[in-house]
$ cat protein.pdb   # PDB, C-alpha atoms and all ligand atoms
MODEL        1
ATOM      1  CA  MET A 237     161.174 236.331 197.879
ATOM      2  CA  THR A 238     160.595 234.593 194.589
ATOM      3  CA  LYS A 239     163.039 234.978 191.742
ATOM      4  CA  VAL A 240     162.340 234.475 188.044
ATOM      5  CA  ALA A 241     164.705 233.188 185.364
ATOM      6  CA  ILE A 242     163.412 233.798 181.843
ATOM      7  CA  VAL A 243     164.810 231.823 178.928
ATOM      8  CA  PHE A 244     163.416 233.441 175.803
ATOM      9  CA  LEU A 245     163.585 231.216 172.719
ATOM     10  CA  ASP A 246     162.885 233.181 169.546
ATOM     11  CA  GLY A 247     160.670 231.462 167.000
ATOM     12  CA  VAL A 248     159.493 228.291 168.741
ATOM     13  CA  GLY A 249     155.878 227.291 168.171
ATOM     14  CA  LEU A 250     153.744 224.247 168.844
ATOM     15  CA  GLY A 251     153.664 222.173 165.662
ATOM     16  CA  GLU A 252     152.647 218.749 164.454
ATOM     17  CA  ASP A 253     153.937 215.614 166.168
ATOM     18  CA  ASP A 254     155.748 214.641 162.961
ATOM     19  CA  PRO A 255     159.546 214.297 163.038
ATOM     20  CA  LEU A 256     159.758 214.810 159.283
ATOM     21  CA  VAL A 257     158.414 218.372 159.403
ATOM     22  CA  ASN A 258     158.887 219.392 163.057
ATOM     23  CA  PRO A 259     162.434 219.440 164.490
ATOM     24  CA  VAL A 260     160.927 219.746 167.989
ATOM     25  CA  ALA A 261     159.298 216.335 167.428
ATOM     26  CA  ALA A 262     162.506 214.938 165.902
ATOM     27  CA  ALA A 263     164.940 216.155 168.569
ATOM     28  CA  ARG A 264     165.885 214.227 171.691
ATOM     29  CA  LEU A 265     164.843 216.592 174.477
ATOM     30  CA  PRO A 266     165.139 214.563 177.698
ATOM     31  CA  VAL A 267     165.103 217.570 180.026
ATOM     32  CA  LEU A 268     162.035 219.260 178.552
ATOM     33  CA  THR A 269     160.139 216.050 177.952
ATOM     34  CA  GLY A 270     161.052 214.760 181.407
ATOM     35  CA  ALA A 271     159.830 217.953 183.074
ATOM     36  CA  LEU A 272     156.570 217.599 181.139
ATOM     37  CA  GLY A 273     156.023 214.074 182.438
ATOM     38  CA  GLY A 274     156.853 212.493 179.089
ATOM     39  CA  ARG A 275     154.482 214.691 177.090
ATOM     40  CA  ARG A 276     155.796 216.240 173.866
ATOM     41  CA  LEU A 277     156.166 219.926 173.130
ATOM     42  CA  VAL A 278     153.690 219.778 170.235
ATOM     43  CA  ALA A 279     150.268 221.227 169.477
ATOM     44  CA  GLY A 280     148.368 218.008 170.173
ATOM     45  CA  SER A 281     149.512 217.995 173.797
ATOM     46  CA  GLY A 282     147.371 221.027 174.674
ATOM     47  CA  ARG A 283     148.001 222.496 178.117
ATOM     48  CA  ILE A 284     150.217 220.270 180.226
ATOM     49  CA  ASP A 285     150.241 220.244 184.029
ATOM     50  CA  ALA A 286     152.870 217.676 184.960
ATOM     51  CA  PRO A 287     154.211 217.191 188.496
ATOM     52  CA  ARG A 288     157.293 219.335 187.758
ATOM     53  CA  ALA A 289     156.222 221.732 185.023
ATOM     54  CA  SER A 290     153.331 223.371 183.256
ATOM     55  CA  MET A 291     153.123 224.202 179.568
ATOM     56  CA  VAL A 292     150.543 226.694 178.383
ATOM     57  CA  PRO A 293     149.860 227.028 174.642
ATOM     58  CA  THR A 294     150.053 230.799 174.159
ATOM     59  CA  ASP A 295     148.495 232.989 171.463
ATOM     60  CA  ALA A 296     151.076 235.070 169.586
ATOM     61  CA  GLY A 297     148.659 236.412 166.942
ATOM     62  CA  LEU A 298     146.917 238.758 169.386
ATOM     63  CA  GLY A 299     143.938 239.255 167.096
ATOM     64  CA  VAL A 300     146.021 240.723 164.270
ATOM     65  CA  LYS A 301     146.098 239.086 160.826
ATOM     66  CA  GLY A 302     149.305 237.707 159.381
ATOM     67  CA  ARG A 303     152.386 236.012 160.707
ATOM     68  CA  PRO A 304     153.650 237.246 164.083
ATOM     69  CA  GLN A 305     157.041 238.965 164.049
ATOM     70  CA  SER A 306     159.761 239.446 166.645
ATOM     71  CA  ALA A 307     159.624 243.187 167.337
ATOM     72  CA  THR A 308     155.890 243.318 168.026
ATOM     73  CA  GLY A 309     155.866 239.958 169.833
ATOM     74  CA  GLN A 310     158.792 240.835 172.078
ATOM     75  CA  THR A 311     157.308 244.260 172.804
ATOM     76  CA  ALA A 312     154.072 242.538 173.876
ATOM     77  CA  LEU A 313     156.046 240.192 176.140
ATOM     78  CA  LEU A 314     158.044 243.018 177.730
ATOM     79  CA  THR A 315     155.322 245.684 178.052
ATOM     80  CA  GLY A 316     152.166 243.599 178.514
ATOM     81  CA  ARG A 317     150.601 245.717 175.753
ATOM     82  CA  ASN A 318     149.120 244.427 172.507
ATOM     83  CA  ALA A 319     151.883 245.864 170.335
ATOM     84  CA  PRO A 320     150.715 244.446 166.962
ATOM     85  CA  LEU A 321     147.181 245.735 167.543
ATOM     86  CA  ILE A 322     148.483 249.191 168.529
ATOM     87  CA  LEU A 323     150.782 249.255 165.492
ATOM     88  CA  GLY A 324     148.160 247.754 163.183
ATOM     89  CA  GLU A 325     150.444 244.946 161.999
ATOM     90  CA  HIS A 326     152.961 242.346 163.017
ATOM     91  CA  PHE A 327     156.364 243.970 162.577
ATOM     92  CA  GLY A 328     160.006 242.937 162.834
ATOM     93  CA  PRO A 329     162.564 241.770 163.348
ATOM     94  CA  ARG A 330     163.889 245.107 164.701
ATOM     95  CA  PRO A 331     161.579 247.610 166.404
ATOM     96  CA  ASN A 332     160.543 250.747 164.491
ATOM     97  CA  ALA A 333     160.179 254.164 166.121
ATOM     98  CA  ALA A 334     156.684 253.453 167.482
ATOM     99  CA  LEU A 335     157.801 250.209 169.092
ATOM    100  CA  ARG A 336     160.972 251.802 170.440
ATOM    101  CA  ALA A 337     158.771 254.440 172.087
ATOM    102  CA  MET A 338     156.746 251.666 173.742
ATOM    103  CA  LEU A 339     159.963 250.015 174.910
ATOM    104  CA  GLU A 340     161.108 253.352 176.417
ATOM    105  CA  GLY A 341     157.929 253.350 178.547
ATOM    106  CA  PRO A 342     157.014 250.946 181.345
ATOM    107  CA  THR A 343     158.383 247.437 180.784
ATOM    108  CA  LEU A 344     159.011 244.363 182.870
ATOM    109  CA  PHE A 345     162.530 245.709 183.381
ATOM    110  CA  THR A 346     161.656 249.300 184.366
ATOM    111  CA  ARG A 347     158.948 248.195 186.780
ATOM    112  CA  LEU A 348     161.252 245.849 188.667
ATOM    113  CA  VAL A 349     164.083 248.404 188.722
ATOM    114  CA  ALA A 350     161.656 251.031 190.078
ATOM    115  CA  GLU A 351     160.674 248.617 192.847
ATOM    116  CA  GLY A 352     164.301 248.164 193.840
ATOM    117  CA  ARG A 353     164.639 244.641 192.423
ATOM    118  CA  THR A 354     167.806 243.486 190.737
ATOM    119  CA  VAL A 355     167.541 242.631 187.060
ATOM    120  CA  ALA A 356     170.211 241.143 184.792
ATOM    121  CA  PHE A 357     169.938 240.950 181.024
ATOM    122  CA  VAL A 358     172.586 238.288 180.601
ATOM    123  CA  ASN A 359     173.395 238.228 176.863
ATOM    124  CA  ALA A 360     176.983 239.113 175.993
ATOM    125  CA  TYR A 361     177.654 241.307 172.942
ATOM    126  CA  PRO A 362     181.006 241.569 171.138
ATOM    127  CA  GLN A 363     182.732 244.929 170.823
ATOM    128  CA  GLY A 364     181.796 245.045 167.128
ATOM    129  CA  TYR A 365     178.126 245.124 168.084
ATOM    130  CA  PHE A 366     178.580 248.132 170.370
ATOM    131  CA  ASP A 367     180.641 249.878 167.668
ATOM    132  CA  ALA A 368     177.969 249.243 165.010
ATOM    133  CA  VAL A 369     175.210 250.589 167.288
ATOM    134  CA  ALA A 370     177.303 253.674 168.063
ATOM    135  CA  ARG A 371     177.888 254.328 164.345
ATOM    136  CA  GLY A 372     174.154 253.957 163.645
ATOM    137  CA  LYS A 373     174.854 250.876 161.529
ATOM    138  CA  ARG A 374     172.808 248.593 163.697
ATOM    139  CA  LEU A 375     169.531 248.855 165.613
ATOM    140  CA  HIS A 376     169.030 247.000 168.881
ATOM    141  CA  GLY A 377     166.446 244.258 168.897
ATOM    142  CA  ALA A 378     163.449 244.827 171.161
ATOM    143  CA  ILE A 379     164.954 243.046 174.156
ATOM    144  CA  PRO A 380     168.327 244.862 174.350
ATOM    145  CA  GLN A 381     166.447 248.084 173.510
ATOM    146  CA  ALA A 382     164.202 247.597 176.555
ATOM    147  CA  ALA A 383     167.142 246.569 178.717
ATOM    148  CA  GLN A 384     169.101 249.656 177.828
ATOM    149  CA  ALA A 385     166.069 251.934 178.287
ATOM    150  CA  ALA A 386     165.672 250.520 181.814
ATOM    151  CA  GLY A 387     169.281 251.377 182.601
ATOM    152  CA  LEU A 388     170.448 247.772 182.541
ATOM    153  CA  ARG A 389     174.000 247.129 181.434
ATOM    154  CA  LEU A 390     174.527 245.284 178.165
ATOM    155  CA  ARG A 391     177.149 242.656 178.951
ATOM    156  CA  THR A 392     180.454 242.380 177.141
ATOM    157  CA  ALA A 393     183.085 239.876 176.069
ATOM    158  CA  GLY A 394     184.786 240.510 179.417
ATOM    159  CA  ASP A 395     181.627 239.478 181.263
ATOM    160  CA  LEU A 396     181.366 236.325 179.155
ATOM    161  CA  ALA A 397     184.992 235.392 179.842
ATOM    162  CA  ALA A 398     184.317 235.884 183.558
ATOM    163  CA  GLY A 399     181.228 233.649 183.582
ATOM    164  CA  GLN A 400     178.944 236.642 184.132
ATOM    165  CA  ALA A 401     177.070 236.473 180.823
ATOM    166  CA  LEU A 402     175.876 234.011 178.185
ATOM    167  CA  SER A 403     176.418 233.527 174.485
ATOM    168  CA  VAL A 404     173.558 232.716 172.120
ATOM    169  CA  ASP A 405     175.533 229.670 170.898
ATOM    170  CA  LEU A 406     175.792 228.550 174.564
ATOM    171  CA  THR A 407     179.315 227.092 174.123
ATOM    172  CA  ASN A 408     181.097 230.356 173.125
ATOM    173  CA  ALA A 409     182.583 228.485 170.144
ATOM    174  CA  ALA A 410     181.482 231.195 167.710
ATOM    175  CA  TRP A 411     183.310 233.843 169.749
ATOM    176  CA  ARG A 412     186.561 231.900 169.265
ATOM    177  CA  SER A 413     186.102 230.919 165.613
ATOM    178  CA  ALA A 414     184.318 233.882 164.055
ATOM    179  CA  MET A 415     184.126 236.842 166.406
ATOM    180  CA  GLY A 416     187.778 237.553 167.182
ATOM    181  CA  TYR A 417     188.013 236.163 170.719
ATOM    182  CA  PRO A 418     190.288 233.080 170.362
ATOM    183  CA  ASP A 419     190.799 232.822 174.139
ATOM    184  CA  MET A 420     187.116 232.808 175.131
ATOM    185  CA  PRO A 421     186.537 229.814 177.439
ATOM    186  CA  LEU A 422     184.618 226.947 175.861
ATOM    187  CA  TRP A 423     181.656 225.574 177.818
ATOM    188  CA  THR A 424     179.298 222.700 177.331
ATOM    189  CA  PRO A 425     175.645 223.756 177.020
ATOM    190  CA  TRP A 426     175.132 222.205 180.460
ATOM    191  CA  GLU A 427     177.846 224.453 181.919
ATOM    192  CA  ALA A 428     176.188 227.482 180.302
ATOM    193  CA  GLY A 429     172.974 226.515 182.109
ATOM    194  CA  GLN A 430     174.879 226.480 185.377
ATOM    195  CA  VAL A 431     176.195 229.973 184.626
ATOM    196  CA  LEU A 432     172.598 231.194 184.311
ATOM    197  CA  ALA A 433     171.689 229.464 187.595
ATOM    198  CA  ARG A 434     174.551 231.265 189.353
ATOM    199  CA  LEU A 435     173.401 234.619 187.944
ATOM    200  CA  SER A 436     169.813 233.829 188.975
ATOM    201  CA  ALA A 437     170.935 233.229 192.567
ATOM    202  CA  VAL A 438     172.008 236.877 192.899
ATOM    203  CA  HIS A 439     169.271 238.667 190.897
ATOM    204  CA  ASP A 440     165.490 238.879 191.228
ATOM    205  CA  LEU A 441     165.121 238.521 187.452
ATOM    206  CA  VAL A 442     167.539 237.162 184.891
ATOM    207  CA  PHE A 443     166.606 237.307 181.207
ATOM    208  CA  PHE A 444     168.400 235.370 178.451
ATOM    209  CA  ASP A 445     167.478 236.167 174.837
ATOM    210  CA  ASN A 446     168.281 233.164 172.632
ATOM    211  CA  TRP A 447     167.554 233.693 168.946
ATOM    212  CA  ALA A 448     169.439 230.636 167.626
ATOM    213  CA  THR A 449     166.092 228.848 167.307
ATOM    214  CA  ASP A 450     164.695 231.508 164.954
ATOM    215  CA  VAL A 451     167.873 231.497 162.850
ATOM    216  CA  ALA A 452     167.676 227.703 162.559
ATOM    217  CA  GLY A 453     163.999 227.965 161.625
ATOM    218  CA  HIS A 454     164.773 230.416 158.833
ATOM    219  CA  GLY A 455     167.548 228.095 157.645
ATOM    220  CA  GLY A 456     165.004 225.321 157.287
ATOM    221  CA  LYS A 457     167.467 222.446 157.802
ATOM    222  CA  LEU A 458     166.305 219.555 159.966
ATOM    223  CA  ALA A 459     169.707 218.454 161.275
ATOM    224  CA  GLU A 460     170.800 221.972 162.244
ATOM    225  CA  SER A 461     167.455 222.718 163.897
ATOM    226  CA  VAL A 462     167.653 219.472 165.890
ATOM    227  CA  ARG A 463     171.223 220.287 166.961
ATOM    228  CA  VAL A 464     170.178 223.733 168.244
ATOM    229  CA  LEU A 465     167.195 222.322 170.138
ATOM    230  CA  GLU A 466     169.198 219.499 171.720
ATOM    231  CA  GLU A 467     171.874 221.944 172.916
ATOM    232  CA  ILE A 468     169.173 224.140 174.451
ATOM    233  CA  ASP A 469     167.741 221.075 176.200
ATOM    234  CA  ALA A 470     171.159 220.311 177.699
ATOM    235  CA  PHE A 471     171.474 223.981 178.708
ATOM    236  CA  LEU A 472     168.123 223.749 180.495
ATOM    237  CA  GLY A 473     169.395 220.598 182.216
ATOM    238  CA  GLY A 474     172.320 222.533 183.640
ATOM    239  CA  LEU A 475     170.055 225.379 184.690
ATOM    240  CA  LEU A 476     167.419 223.201 186.364
ATOM    241  CA  ALA A 477     170.023 221.092 188.168
ATOM    242  CA  ALA A 478     171.524 224.149 189.846
ATOM    243  CA  VAL A 479     168.698 226.652 190.311
ATOM    244  CA  ASP A 480     166.690 226.740 193.551
ATOM    245  CA  LEU A 481     163.226 225.799 192.263
ATOM    246  CA  GLU A 482     161.694 226.264 195.741
ATOM    247  CA  ASN A 483     162.296 229.989 195.360
ATOM    248  CA  THR A 484     162.700 230.455 191.628
ATOM    249  CA  LEU A 485     160.326 230.288 188.679
ATOM    250  CA  VAL A 486     161.990 229.240 185.427
ATOM    251  CA  ALA A 487     159.929 230.545 182.499
ATOM    252  CA  ILE A 488     160.721 229.395 178.961
ATOM    253  CA  ILE A 489     158.880 231.654 176.530
ATOM    254  CA  SER A 490     158.713 232.494 172.827
ATOM    255  CA  ASP A 491     157.375 235.220 170.577
ATOM    256  CA  HIS A 492     156.155 233.351 167.479
ATOM    257  CA  GLY A 493     156.398 230.041 165.693
ATOM    258  CA  ASN A 494     159.090 229.176 163.163
ATOM    259  CA  ILE A 495     161.398 226.249 163.917
ATOM    260  CA  GLU A 496     158.508 223.798 164.466
ATOM    261  CA  ASP A 497     157.535 223.670 160.782
ATOM    262  CA  LEU A 498     160.253 223.181 158.171
ATOM    263  CA  ARG A 499     157.672 223.523 155.375
ATOM    264  CA  ALA A 500     157.032 227.181 156.253
ATOM    265  CA  LYS A 501     159.600 229.540 154.738
ATOM    266  CA  GLY A 502     159.360 231.943 157.649
ATOM    267  CA  HIS A 503     157.322 232.341 160.788
ATOM    268  CA  THR A 504     154.147 230.407 161.500
ATOM    269  CA  GLU A 505     150.818 231.351 163.046
ATOM    270  CA  ASN A 506     151.035 228.503 165.567
ATOM    271  CA  LEU A 507     150.536 228.906 169.283
ATOM    272  CA  VAL A 508     153.809 229.152 171.195
ATOM    273  CA  PRO A 509     154.736 227.172 174.313
ATOM    274  CA  THR A 510     155.073 228.958 177.647
ATOM    275  CA  MET A 511     156.818 226.526 179.992
ATOM    276  CA  LEU A 512     156.821 227.194 183.715
ATOM    277  CA  ILE A 513     158.882 225.268 186.257
ATOM    278  CA  GLY A 514     159.337 225.913 189.970
ATOM    279  CA  ALA A 515     157.952 228.477 192.405
ATOM    280  CA  GLY A 516     154.609 230.055 191.476
ATOM    281  CA  ARG A 517     154.284 228.125 188.239
ATOM    282  CA  GLN A 518     150.652 227.051 188.681
ATOM    283  CA  ARG A 519     149.524 230.594 189.358
ATOM    284  CA  ALA A 520     151.482 231.947 186.403
ATOM    285  CA  ALA A 521     150.150 229.201 184.135
ATOM    286  CA  ASP A 522     146.558 230.060 185.064
ATOM    287  CA  ALA A 523     147.168 233.737 184.185
ATOM    288  CA  ILE A 524     148.605 233.270 180.692
ATOM    289  CA  THR A 525     146.759 232.690 177.435
ATOM    290  CA  ASP A 526     148.501 235.210 175.163
ATOM    291  CA  LEU A 527     151.824 237.077 174.989
ATOM    292  CA  THR A 528     150.516 240.164 176.816
ATOM    293  CA  HIS A 529     149.895 238.097 179.968
ATOM    294  CA  VAL A 530     153.514 237.073 180.498
ATOM    295  CA  MET A 531     154.782 240.376 181.915
ATOM    296  CA  PRO A 532     152.026 240.796 184.555
ATOM    297  CA  ALA A 533     152.288 237.116 185.514
ATOM    298  CA  VAL A 534     156.054 237.425 186.058
ATOM    299  CA  LEU A 535     155.587 240.617 188.108
ATOM    300  CA  ASP A 536     152.975 238.877 190.280
ATOM    301  CA  VAL A 537     155.299 235.967 190.995
ATOM    302  CA  ILE A 538     158.214 238.229 191.937
ATOM    303  CA  ARG A 539     156.075 240.555 194.081
ATOM    304  CA  ASP A 540     154.353 237.791 196.042
ATOM    305  CA  ALA A 541     157.261 237.287 198.366
TER     306      ALA A 541
HETATM  307 ZN    ZN A 601     162.402 235.315 162.456
ENDMDL
END
$ encode --input "protein.pdb" --output "structure tokens"
Amino acid sequence: MTKVAIVFLDGVGLGEDDPLVNPVAAARLPVLTGALGGRRLVAGSGRIDAPRASMVPTDAGLGVKGRPQSATGQTALLTGRNAPLILGEHFGPRPNAALRAMLEGPTLFTRLVAEGRTVAFVNAYPQGYFDAVARGKRLHGAIPQAAQAAGLRLRTAGDLAAGQALSVDLTNAAWRSAMGYPDMPLWTPWEAGQVLARLSAVHDLVFFDNWATDVAGHGGKLAESVRVLEEIDAFLGGLLAAVDLENTLVAIISDHGNIEDLRAKGHTENLVPTMLIGAGRQRAADAITDLTHVMPAVLDVIRDA
């Protein structure tokens, strides 16, 4: 049986191969670049089929004018439906009622659960997040919304402390310094990658939602964007070193461009990279040209035991 580990990176597009405007071109990314046979994660590379990994430039615009946004893009990734076209616009960051209704319907998560597969949405949320949602002060993003609608458990600080969840900052440092958990264990990004590999070993699908890339893109600072990207590369190193790639597809996906162009104040209309490493990656790569193709491609890989 083939497993899938999805690392979702919010706001990562394929930009120019210019380190002055594109942090992806400026960052040292030995894991990603090595997997891609030395090719760069930039627009000029086109589709890459290296010995270890494929990278498919993926359309996030979906035929709708304007800059792609997170709620519609993530809904397209999770439902396989053209959410911006159905809504009539790119919308985000949080889903509105129409998108929430789509996320309550069939998704990647509900389909796998209905088939008896095990699915883990691995992000940890602090107690304050659960309290704010309960008070109506905060709306879930599209991914936790879909996870909860599928009956998946949203993981807690206790899960993170036990190595059963992941933090968006990878190291847990923010939990200690700013979120009221001074005893949270500190990890290296590499160690966080190994945590995801361990969770992948016992679930058919693991899904990690990392939005640090989109936050860095909105911040527009080169050094901070490079730092975030280099930590994610180290995280992927830990994941790929420990995951069983004979039986697992690692899919690194995004919803829209942002971090790859510091000149843009917000999101970009660039293609986004879909990186596929491990079992079934060639087949998945051949099936994907836009965001709506990711969900069916992942289902096909998992079902083709
Ligand atoms: Zn954004």
$ residues_near_ligand --input "protein.pdb" --ligand "ligand ZN 601 (chain A)" --cutoff "12 Å" --atoms "all atoms listed in the file" --output "ChimeraX atom specification"
/A:245-249,303-310,326-330,377,446-456,490-495,500-504
$ residues_around --input "protein.pdb" --residues "segment 427-429 of chain A" --least-positions-apart "6" --cutoff "12 Å" --atoms "only C-alpha atoms" --output "ChimeraX atom specification"
/A:241,243,358-359,396-397,399-408,421,435-436,444,467-479,486
$ residues_around --input "protein.pdb" --residues "Gly364 of chain A" --least-positions-apart "3" --cutoff "12 Å" --atoms "only C-alpha atoms" --output "list in words"
Ala360, Tyr361, Asp367, Ala368, Val369, Ala370, Arg371, Lys373, Arg374, Thr392, Ala393, Trp411, Ala414, Met415, Gly416 and Tyr417 of chain A
$ closest_atom_pairs --input "protein.pdb" --of "segment 276-392 of chain A" --to "segment 260-270 of chain A" --cutoff "9 Å" --atoms "all atoms listed in the file" --output "Markdown table"
| residue | atom | partner | partner_atom | distance |
| --- | --- | --- | --- | --- |
| A:Arg276 | CA | A:Thr269 | CA | 6.0 |
| A:Leu277 | CA | A:Val260 | CA | 7.0 |
| A:Val278 | CA | A:Ala261 | CA | 7.2 |
| A:Arg288 | CA | A:Gly270 | CA | 8.7 |
$ residues_around --input "protein.pdb" --residues "Gln381 of chain A" --least-positions-apart "5" --cutoff "12 Å" --atoms "all atoms listed in the file" --output "list in words"
Ala307, Gln310, Thr311, Leu314, Arg330, Pro331, Asn332, Ala333, Leu335, Arg336, Ala337, Met338, Leu339, Glu340, Gly341, Thr343, Phe345, Thr346, Phe357, Val369, Arg374, Leu375, His376, Ala386, Gly387, Leu388, Arg389 and Leu390 of chain A
$ closest_residue --input "protein.pdb" --among "A:Gly352, A:Glu496, A:Ser413, A:Met420" --to "Ala398 of chain A" --atoms "all atoms listed in the file"
A:Met420
$ closest_atom_pairs --input "protein.pdb" --of "segment 269-379 of chain A" --to "segment 520-532 of chain A" --cutoff "6 Å" --atoms "all atoms listed in the file" --output "Markdown table"
| residue | atom | partner | partner_atom | distance |
| --- | --- | --- | --- | --- |
| A:Thr294 | CA | A:Asp526 | CA | 4.8 |
| A:Asp295 | CA | A:Asp526 | CA | 4.3 |
| A:Ala296 | CA | A:Leu527 | CA | 5.8 |
| A:Ala312 | CA | A:Thr528 | CA | 5.2 |
| A:Leu313 | CA | A:Leu527 | CA | 5.4 |
| A:Leu314 | CA | A:Met531 | CA | 5.9 |
| A:Gly316 | CA | A:Thr528 | CA | 4.2 |
| A:Arg317 | CA | A:Thr528 | CA | 5.7 |
| A:Leu344 | CA | A:Met531 | CA | 5.9 |
$ decode --input "protein.pdb" --residues "segment 524-539 of chain A" --atoms "C-alpha atoms" --output "mmCIF file, in the first residue's frame"
data_model
loop_
_atom_site.group_PDB
_atom_site.id
_atom_site.type_symbol
_atom_site.label_atom_id
_atom_site.label_comp_id
_atom_site.auth_asym_id
_atom_site.auth_seq_id
_atom_site.Cartn_x
_atom_site.Cartn_y
_atom_site.Cartn_z
ATOM 1 C CA ILE A 524 -1.115 17.365 -12.647
ATOM 2 C CA THR A 525 -1.203 20.655 -14.523
ATOM 3 C CA ASP A 526 -3.403 22.742 -12.209
ATOM 4 C CA LEU A 527 -4.460 22.783 -8.543
ATOM 5 C CA THR A 528 -7.632 20.742 -9.137
ATOM 6 C CA HIS A 529 -5.553 17.745 -10.269
ATOM 7 C CA VAL A 530 -3.686 17.288 -6.992
ATOM 8 C CA MET A 531 -6.502 15.640 -5.022
ATOM 9 C CA PRO A 532 -7.364 12.977 -7.650
ATOM 10 C CA ALA A 533 -3.665 12.282 -8.259
ATOM 11 C CA VAL A 534 -3.058 11.716 -4.533
ATOM 12 C CA LEU A 535 -6.123 9.445 -4.286
ATOM 13 C CA ASP A 536 -4.888 7.402 -7.264
ATOM 14 C CA VAL A 537 -1.478 6.895 -5.685
ATOM 15 C CA ILE A 538 -2.935 5.794 -2.343
ATOM 16 C CA ARG A 539 -5.538 3.491 -3.925
#
